[in-house]
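Dropping work_30.tsv in here (TSV, C-alpha atoms):
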```
chain	number	residue	atom	x	y	z
N	25	MET	CA	-13.66	-88.72	-240.22
N	26	ASP	CA	-12.94	-88.09	-236.53
N	27	TRP	CA	-13.85	-91.24	-234.57
N	28	ASN	CA	-14.11	-89.55	-231.20
N	29	ILE	CA	-17.33	-90.84	-229.58
N	30	SER	CA	-18.34	-87.29	-228.74
N	31	HIS	CA	-18.53	-86.44	-232.46
N	32	PRO	CA	-22.31	-86.28	-232.98
N	33	ARG	CA	-22.50	-88.37	-236.16
N	34	ASN	CA	-20.25	-91.09	-234.71
N	35	ALA	CA	-22.46	-91.35	-231.64
N	36	ALA	CA	-25.45	-91.89	-233.95
N	37	TYR	CA	-23.63	-94.66	-235.84
N	38	LEU	CA	-22.72	-96.42	-232.60
N	39	ALA	CA	-26.29	-96.15	-231.36
N	40	GLN	CA	-27.46	-97.83	-234.58
N	41	VAL	CA	-24.88	-100.60	-234.26
N	42	SER	CA	-25.99	-101.29	-230.67
N	43	LEU	CA	-29.42	-102.30	-232.04
N	44	VAL	CA	-27.95	-105.07	-234.21
N	45	ARG	CA	-28.06	-108.53	-232.66
N	46	SER	CA	-25.54	-111.23	-233.38
N	47	GLY	CA	-26.62	-113.08	-236.50
N	48	ASP	CA	-29.04	-110.41	-237.75
N	49	ARG	CA	-29.60	-109.93	-241.45
N	50	VAL	CA	-29.47	-106.14	-241.89
N	51	LEU	CA	-30.60	-103.78	-244.63
N	52	GLU	CA	-29.39	-100.20	-244.45
N	53	VAL	CA	-31.49	-97.84	-246.58
N	54	GLY	CA	-29.46	-94.78	-247.58
N	55	LYS	CA	-25.86	-95.99	-247.62
N	56	GLY	CA	-24.24	-92.59	-247.42
N	57	GLU	CA	-20.52	-93.04	-246.76
N	58	GLY	CA	-21.07	-96.68	-245.76
N	59	ILE	CA	-19.76	-96.20	-242.23
N	60	ALA	CA	-22.84	-97.54	-240.42
N	61	ALA	CA	-22.98	-100.65	-242.63
N	62	CYS	CA	-19.29	-101.27	-242.09
N	63	LEU	CA	-19.69	-101.03	-238.31
N	64	MET	CA	-22.81	-103.24	-238.32
N	65	ALA	CA	-20.93	-105.95	-240.23
N	66	SER	CA	-18.95	-106.72	-237.07
N	67	ARG	CA	-22.16	-107.96	-235.39
N	68	ALA	CA	-24.50	-109.00	-238.16
N	69	ALA	CA	-24.53	-112.17	-240.22
N	70	GLU	CA	-25.21	-110.10	-243.32
N	71	VAL	CA	-25.41	-106.39	-244.13
N	72	ASP	CA	-26.84	-105.15	-247.42
N	73	THR	CA	-27.34	-101.56	-248.51
N	74	LEU	CA	-30.02	-99.89	-250.63
N	75	ASP	CA	-29.63	-96.42	-252.06
N	76	ILE	CA	-31.25	-94.42	-254.82
N	77	ASP	CA	-27.80	-93.12	-255.82
N	78	LYS	CA	-25.78	-95.77	-257.66
N	79	SER	CA	-22.60	-93.68	-257.25
N	80	LYS	CA	-22.69	-94.64	-253.53
N	81	THR	CA	-22.17	-98.26	-254.69
N	82	PRO	CA	-24.95	-99.84	-252.65
N	83	VAL	CA	-25.63	-103.56	-252.93
N	84	PHE	CA	-29.05	-102.66	-254.35
N	85	VAL	CA	-30.06	-99.52	-256.24
N	86	GLY	CA	-33.67	-98.48	-255.71
N	87	ASP	CA	-36.14	-95.98	-254.35
N	88	CYS	CA	-37.79	-97.09	-251.10
N	89	SER	CA	-40.84	-94.96	-251.90
N	90	CYS	CA	-41.52	-97.20	-254.94
N	91	TRP	CA	-42.70	-100.68	-253.93
N	92	ASP	CA	-41.91	-102.20	-257.33
N	93	GLU	CA	-38.25	-101.25	-256.90
N	94	ILE	CA	-37.80	-102.96	-253.53
N	95	LYS	CA	-40.40	-105.75	-253.32
N	96	PHE	CA	-37.78	-108.38	-254.22
N	97	LEU	CA	-36.22	-107.73	-250.77
N	98	LYS	CA	-39.32	-109.01	-248.91
N	99	ASP	CA	-38.73	-111.46	-246.04
N	100	GLN	CA	-34.94	-111.22	-246.22
N	101	TYR	CA	-34.03	-109.03	-243.23
N	102	ASP	CA	-34.33	-109.12	-239.45
N	103	ILE	CA	-33.74	-105.39	-239.09
N	104	ILE	CA	-33.94	-102.49	-241.52
N	105	PHE	CA	-32.31	-99.14	-240.81
N	106	CYS	CA	-33.53	-95.98	-242.54
N	107	CYS	CA	-31.63	-93.23	-240.75
N	108	GLN	CA	-31.47	-89.61	-241.86
N	109	VAL	CA	-33.00	-90.49	-245.26
N	110	LEU	CA	-36.72	-89.76	-245.30
N	111	GLU	CA	-36.38	-86.02	-244.74
N	112	HIS	CA	-34.87	-85.76	-248.22
N	113	MET	CA	-38.26	-86.58	-249.79
N	114	SER	CA	-41.74	-85.14	-249.40
N	115	LEU	CA	-43.61	-86.15	-246.26
N	116	ASP	CA	-46.07	-88.19	-248.38
N	117	ASP	CA	-43.18	-90.05	-250.05
N	118	ALA	CA	-41.62	-90.58	-246.61
N	119	PHE	CA	-44.82	-92.21	-245.29
N	120	ARG	CA	-45.06	-94.31	-248.46
N	121	SER	CA	-41.45	-95.39	-247.87
N	122	VAL	CA	-42.22	-96.43	-244.28
N	123	LYS	CA	-45.17	-98.48	-245.54
N	124	ASN	CA	-42.97	-100.15	-248.15
N	125	LEU	CA	-40.22	-100.89	-245.63
N	126	LEU	CA	-42.76	-102.41	-243.24
N	127	ASN	CA	-44.09	-104.51	-246.14
N	128	LEU	CA	-40.63	-106.05	-246.44
N	129	ASN	CA	-41.51	-107.80	-243.13
N	130	PRO	CA	-38.50	-107.02	-240.96
N	131	ASN	CA	-38.69	-107.95	-237.28
N	132	ARG	CA	-37.55	-104.41	-236.50
N	133	LEU	CA	-37.55	-101.16	-238.46
N	134	VAL	CA	-35.32	-98.36	-237.18
N	135	LEU	CA	-36.10	-94.84	-238.39
N	136	SER	CA	-34.15	-91.71	-237.61
N	137	PHE	CA	-35.22	-88.16	-238.47
N	138	PRO	CA	-33.57	-84.80	-237.92
N	139	ASP	CA	-35.10	-82.99	-234.97
N	140	ASN	CA	-34.32	-79.28	-234.88
N	141	ARG	CA	-35.91	-78.58	-231.51
N	142	LYS	CA	-33.57	-76.90	-229.04
N	143	THR	CA	-32.23	-78.92	-226.14
N	144	ILE	CA	-30.57	-78.42	-222.81
N	145	ARG	CA	-27.89	-80.99	-221.89
N	146	ALA	CA	-26.47	-81.57	-218.45
N	147	GLY	CA	-24.07	-84.09	-216.99
N	148	VAL	CA	-23.46	-84.79	-213.33
N	149	SER	CA	-20.92	-87.07	-211.67
N	150	VAL	CA	-21.55	-88.45	-208.21
N	151	GLY	CA	-18.64	-90.54	-207.05
N	152	SER	CA	-17.93	-93.09	-209.77
N	153	ARG	CA	-21.37	-92.73	-211.37
N	154	ALA	CA	-22.14	-90.32	-214.18
N	155	PHE	CA	-25.62	-89.16	-215.13
N	156	LYS	CA	-26.71	-87.37	-218.28
N	157	ILE	CA	-29.97	-85.60	-218.94
N	158	LEU	CA	-31.31	-84.13	-222.15
N	159	LEU	CA	-34.33	-81.86	-222.05
N	160	THR	CA	-36.13	-80.57	-225.12
N	161	ARG	CA	-37.13	-76.94	-224.87
N	162	PRO	CA	-40.89	-76.61	-225.37
N	163	ARG	CA	-42.11	-74.82	-228.49
N	164	SER	CA	-38.66	-74.76	-230.07
N	165	GLY	CA	-37.36	-75.43	-233.53
N	166	LYS	CA	-38.57	-74.14	-236.86
N	167	LEU	CA	-40.43	-75.26	-239.95
N	168	VAL	CA	-38.06	-76.68	-242.55
N	169	THR	CA	-39.10	-76.90	-246.19
N	170	LYS	CA	-37.32	-77.48	-249.47
N	171	ALA	CA	-37.47	-73.71	-249.97
N	172	ASN	CA	-35.50	-72.85	-246.82
N	173	SER	CA	-33.15	-75.86	-246.61
N	174	ARG	CA	-30.30	-76.98	-248.82
N	175	GLN	CA	-31.23	-80.67	-248.58
N	176	HIS	CA	-34.25	-81.36	-246.40
N	177	CYS	CA	-37.92	-81.22	-247.33
N	178	TRP	CA	-38.95	-81.38	-243.65
N	179	GLU	CA	-37.60	-81.90	-240.12
N	180	ILE	CA	-39.19	-82.54	-236.75
N	181	TYR	CA	-39.97	-79.44	-234.71
N	182	TRP	CA	-42.43	-78.59	-231.97
N	183	LYS	CA	-45.47	-78.05	-234.20
N	184	ASN	CA	-45.23	-81.26	-236.24
N	185	ILE	CA	-43.78	-84.01	-234.04
N	186	GLU	CA	-47.09	-85.28	-232.68
N	187	ASP	CA	-48.71	-85.17	-236.14
N	188	ILE	CA	-45.85	-87.19	-237.62
N	189	LEU	CA	-45.90	-89.79	-234.83
N	190	ASN	CA	-49.70	-90.05	-234.92
N	191	ARG	CA	-49.72	-90.44	-238.71
N	192	LEU	CA	-47.13	-93.22	-238.48
N	193	ARG	CA	-49.20	-94.99	-235.81
N	194	SER	CA	-52.53	-94.65	-237.62
N	195	GLU	CA	-51.38	-95.41	-241.18
N	196	HIS	CA	-49.02	-98.22	-240.36
N	197	CYS	CA	-50.31	-99.62	-237.06
N	198	TYR	CA	-46.79	-99.90	-235.74
N	199	GLU	CA	-45.66	-100.17	-232.17
N	200	LEU	CA	-43.23	-97.45	-231.19
N	201	ARG	CA	-40.71	-99.18	-228.95
N	202	LYS	CA	-38.34	-96.27	-228.41
N	203	HIS	CA	-38.46	-92.58	-229.10
N	204	TYR	CA	-35.40	-90.72	-227.96
N	205	ARG	CA	-32.64	-88.29	-228.78
N	206	LEU	CA	-28.96	-89.03	-228.29
N	207	PHE	CA	-27.20	-86.99	-225.64
N	208	GLU	CA	-24.21	-86.61	-227.97
N	209	ARG	CA	-26.41	-85.55	-230.91
N	210	PRO	CA	-29.26	-83.53	-229.51
```

Mind turning the file's structure into structure tokens?
Amino acid sequence: MDWNISHPRNAAYLAQVSLVRSGDRVLEVGKGEGIAACLMASRAAEVDTLDIDKSKTPVFVGDCSCWDEIKFLKDQYDIIFCCQVLEHMSLDDAFRSVKNLLNLNPNRLVLSFPDNRKTIRAGVSVGSRAFKILLTRPRSGKLVTKANSRQHCWEIYWKNIEDILNRLRSEHCYELRKHYRLFERP
């Protein structure tokens, strides 16, 4: 894989790693290629992985939408990452997964979803200072379903983002600390 910071996926991995504090016990849900876990290991005291696919060789094999499969992980992690995973299941299973991950009692839960809204990016340099701005175009993006996507059951777009955020807030009583899009991966 190309490790140029401007590569969109690499920028996402580095953003995840920046959220890990020295000494954190980390659980990554959805191991994928294992790159994020490998990078987090440089900061964390411990990094474990959970994946439904045993061929990915996670530390733990299980489905985060099924409490009985993950309840043994309760009270073991400071931070849990579930990035680019939940869109591969139905929205109801995704919300069930968030509930289950919150029930594991992490201090922080980091979720990342694909957002197919269109953006406008701009960068400006003034002397030695550089500024970047990312604007989301209103009413952009499209409905994604299992029928029209190779892998995803849903994605964020202009018609569903508020419903998804409101459902997370109301069902799980969580505090949204940050909601943003990466400049390198709009």

Find, counting only C-alpha atoms, the residue in N:Trp178, N:Ala61, N:Ser79, N:Phe155 that gets nearest to N:Asp117.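 Using only C-alpha atoms, N:Asp117 sits closest to N:Trp178.
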
Once you count all atoms listed in the file, which residues end up no further than 7 Å from (-23.9, -94.2, -250.2) in the file's frame, shown as an NGL selection string? :N and (54-58 or 75 or 77 or 80-82)

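Distance-wise, atom CA of N:Leu110 and atom CA of N:Phe137 end up 7.2 Å apart.
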
Stretch 138-145 of chain N environment, 8 Å, all atoms listed in the file, sequence neighbours closer than 5 positions dropped, as a ChimeraX atom specification: /N:108,111,156-161,163-166,179-182,207,210

Contacts of N:Ile104 at 8 Å (only C-alpha atoms; same-chain gap of 2+ positions) as a PyMOL selection string: chain N and resi 50-53+101-102+106+125+130+132-134

Between atom CA of N:Cys90 and atom CA of N:Ala39 lies a distance of 28.1 Å

If you measure from atom CA of N:Phe105 to atom CA of N:Leu135, what distance in Å do you get, rounded to one decimal?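 The value is 6.2 Å.
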
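With only C-alpha atoms taken into account, the protein and nucleic acid residues at most 6 Å from stretch 171-177 of chain N (excluding it and anything under 2 positions from it in its own chain) are N:Glu111, N:His112, N:Met113, N:Ser114, N:Thr169.
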
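Using only C-alpha atoms, the shortest contact distance between N:Ser194 and any of N:Val168, N:Ala65, N:Lys123, N:Val148 is found at N:Lys123.
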
Quick one: residues within 9 Å of N:Tyr37, only C-alpha atoms counted, chain neighbours fewer than 3 positions away excluded, as a PyMOL selection string? chain N and resi 32-34+40-42+59-60+63-64

For each of N:Pro162, N:Lys98, N:Phe119, N:Arg153, take the minimum atom-to-atom distance to N:Leu189, counting only C-alpha atoms, then give the residue where this is smallest. N:Phe119

Set the distance at 9 Å and use only C-alpha atoms: which residues neighbour N:Phe84 once local chain neighbours fewer than 5 positions away are removed? I'd like the list as a PyMOL selection string. chain N and resi 72-76+78+94

Could you write stretch 178-192 of chain N as a PDB file, keeping the file's coordinate frame, with N, CA, C and O atoms rebuilt where they are missing?
```pdb
ATOM      1  N   TRP N 178     -38.284 -81.559-244.940  1.00  0.00           N
ATOM      2  CA  TRP N 178     -38.950 -81.380-243.650  1.00  0.00           C
ATOM      3  C   TRP N 178     -38.012 -81.864-242.546  1.00  0.00           C
ATOM      4  O   TRP N 178     -37.070 -82.608-242.809  1.00  0.00           O
ATOM      5  N   GLU N 179     -38.281 -81.432-241.326  1.00  0.00           N
ATOM      6  CA  GLU N 179     -37.600 -81.900-240.120  1.00  0.00           C
ATOM      7  C   GLU N 179     -38.615 -81.855-238.990  1.00  0.00           C
ATOM      8  O   GLU N 179     -39.623 -81.158-239.076  1.00  0.00           O
ATOM      9  N   ILE N 180     -38.323 -82.570-237.935  1.00  0.00           N
ATOM     10  CA  ILE N 180     -39.190 -82.540-236.750  1.00  0.00           C
ATOM     11  C   ILE N 180     -38.952 -81.222-236.013  1.00  0.00           C
ATOM     12  O   ILE N 180     -37.819 -80.780-235.839  1.00  0.00           O
ATOM     13  N   TYR N 181     -40.038 -80.603-235.602  1.00  0.00           N
ATOM     14  CA  TYR N 181     -39.970 -79.440-234.710  1.00  0.00           C
ATOM     15  C   TYR N 181     -41.236 -79.450-233.880  1.00  0.00           C
ATOM     16  O   TYR N 181     -42.092 -80.317-234.030  1.00  0.00           O
ATOM     17  N   TRP N 182     -41.386 -78.504-232.984  1.00  0.00           N
ATOM     18  CA  TRP N 182     -42.430 -78.590-231.970  1.00  0.00           C
ATOM     19  C   TRP N 182     -43.839 -78.659-232.535  1.00  0.00           C
ATOM     20  O   TRP N 182     -44.721 -79.274-231.936  1.00  0.00           O
ATOM     21  N   LYS N 183     -44.106 -78.054-233.677  1.00  0.00           N
ATOM     22  CA  LYS N 183     -45.470 -78.050-234.200  1.00  0.00           C
ATOM     23  C   LYS N 183     -45.846 -79.329-234.953  1.00  0.00           C
ATOM     24  O   LYS N 183     -47.014 -79.600-235.145  1.00  0.00           O
ATOM     25  N   ASN N 184     -44.866 -80.119-235.413  1.00  0.00           N
ATOM     26  CA  ASN N 184     -45.230 -81.260-236.240  1.00  0.00           C
ATOM     27  C   ASN N 184     -44.915 -82.634-235.647  1.00  0.00           C
ATOM     28  O   ASN N 184     -45.319 -83.645-236.203  1.00  0.00           O
ATOM     29  N   ILE N 185     -44.210 -82.705-234.534  1.00  0.00           N
ATOM     30  CA  ILE N 185     -43.780 -84.010-234.040  1.00  0.00           C
ATOM     31  C   ILE N 185     -44.956 -84.931-233.703  1.00  0.00           C
ATOM     32  O   ILE N 185     -44.975 -86.099-234.089  1.00  0.00           O
ATOM     33  N   GLU N 186     -45.954 -84.422-233.027  1.00  0.00           N
ATOM     34  CA  GLU N 186     -47.090 -85.280-232.680  1.00  0.00           C
ATOM     35  C   GLU N 186     -47.868 -85.710-233.917  1.00  0.00           C
ATOM     36  O   GLU N 186     -48.309 -86.845-234.010  1.00  0.00           O
ATOM     37  N   ASP N 187     -48.024 -84.807-234.888  1.00  0.00           N
ATOM     38  CA  ASP N 187     -48.710 -85.170-236.140  1.00  0.00           C
ATOM     39  C   ASP N 187     -47.968 -86.276-236.877  1.00  0.00           C
ATOM     40  O   ASP N 187     -48.580 -87.210-237.387  1.00  0.00           O
ATOM     41  N   ILE N 188     -46.650 -86.164-236.935  1.00  0.00           N
ATOM     42  CA  ILE N 188     -45.850 -87.190-237.620  1.00  0.00           C
ATOM     43  C   ILE N 188     -45.970 -88.530-236.901  1.00  0.00           C
ATOM     44  O   ILE N 188     -46.226 -89.567-237.525  1.00  0.00           O
ATOM     45  N   LEU N 189     -45.799 -88.538-235.589  1.00  0.00           N
ATOM     46  CA  LEU N 189     -45.900 -89.790-234.830  1.00  0.00           C
ATOM     47  C   LEU N 189     -47.301 -90.381-234.926  1.00  0.00           C
ATOM     48  O   LEU N 189     -47.463 -91.593-235.105  1.00  0.00           O
ATOM     49  N   ASN N 190     -48.326 -89.545-234.818  1.00  0.00           N
ATOM     50  CA  ASN N 190     -49.700 -90.050-234.920  1.00  0.00           C
ATOM     51  C   ASN N 190     -49.996 -90.602-236.306  1.00  0.00           C
ATOM     52  O   ASN N 190     -50.686 -91.615-236.445  1.00  0.00           O
ATOM     53  N   ARG N 191     -49.490 -89.947-237.343  1.00  0.00           N
ATOM     54  CA  ARG N 191     -49.720 -90.440-238.710  1.00  0.00           C
ATOM     55  C   ARG N 191     -49.020 -91.788-238.912  1.00  0.00           C
ATOM     56  O   ARG N 191     -49.581 -92.701-239.512  1.00  0.00           O
ATOM     57  N   LEU N 192     -47.812 -91.933-238.387  1.00  0.00           N
ATOM     58  CA  LEU N 192     -47.130 -93.220-238.480  1.00  0.00           C
ATOM     59  C   LEU N 192     -47.928 -94.311-237.767  1.00  0.00           C
ATOM     60  O   LEU N 192     -48.109 -95.401-238.292  1.00  0.00           O
TER      61      LEU N 192
END
```
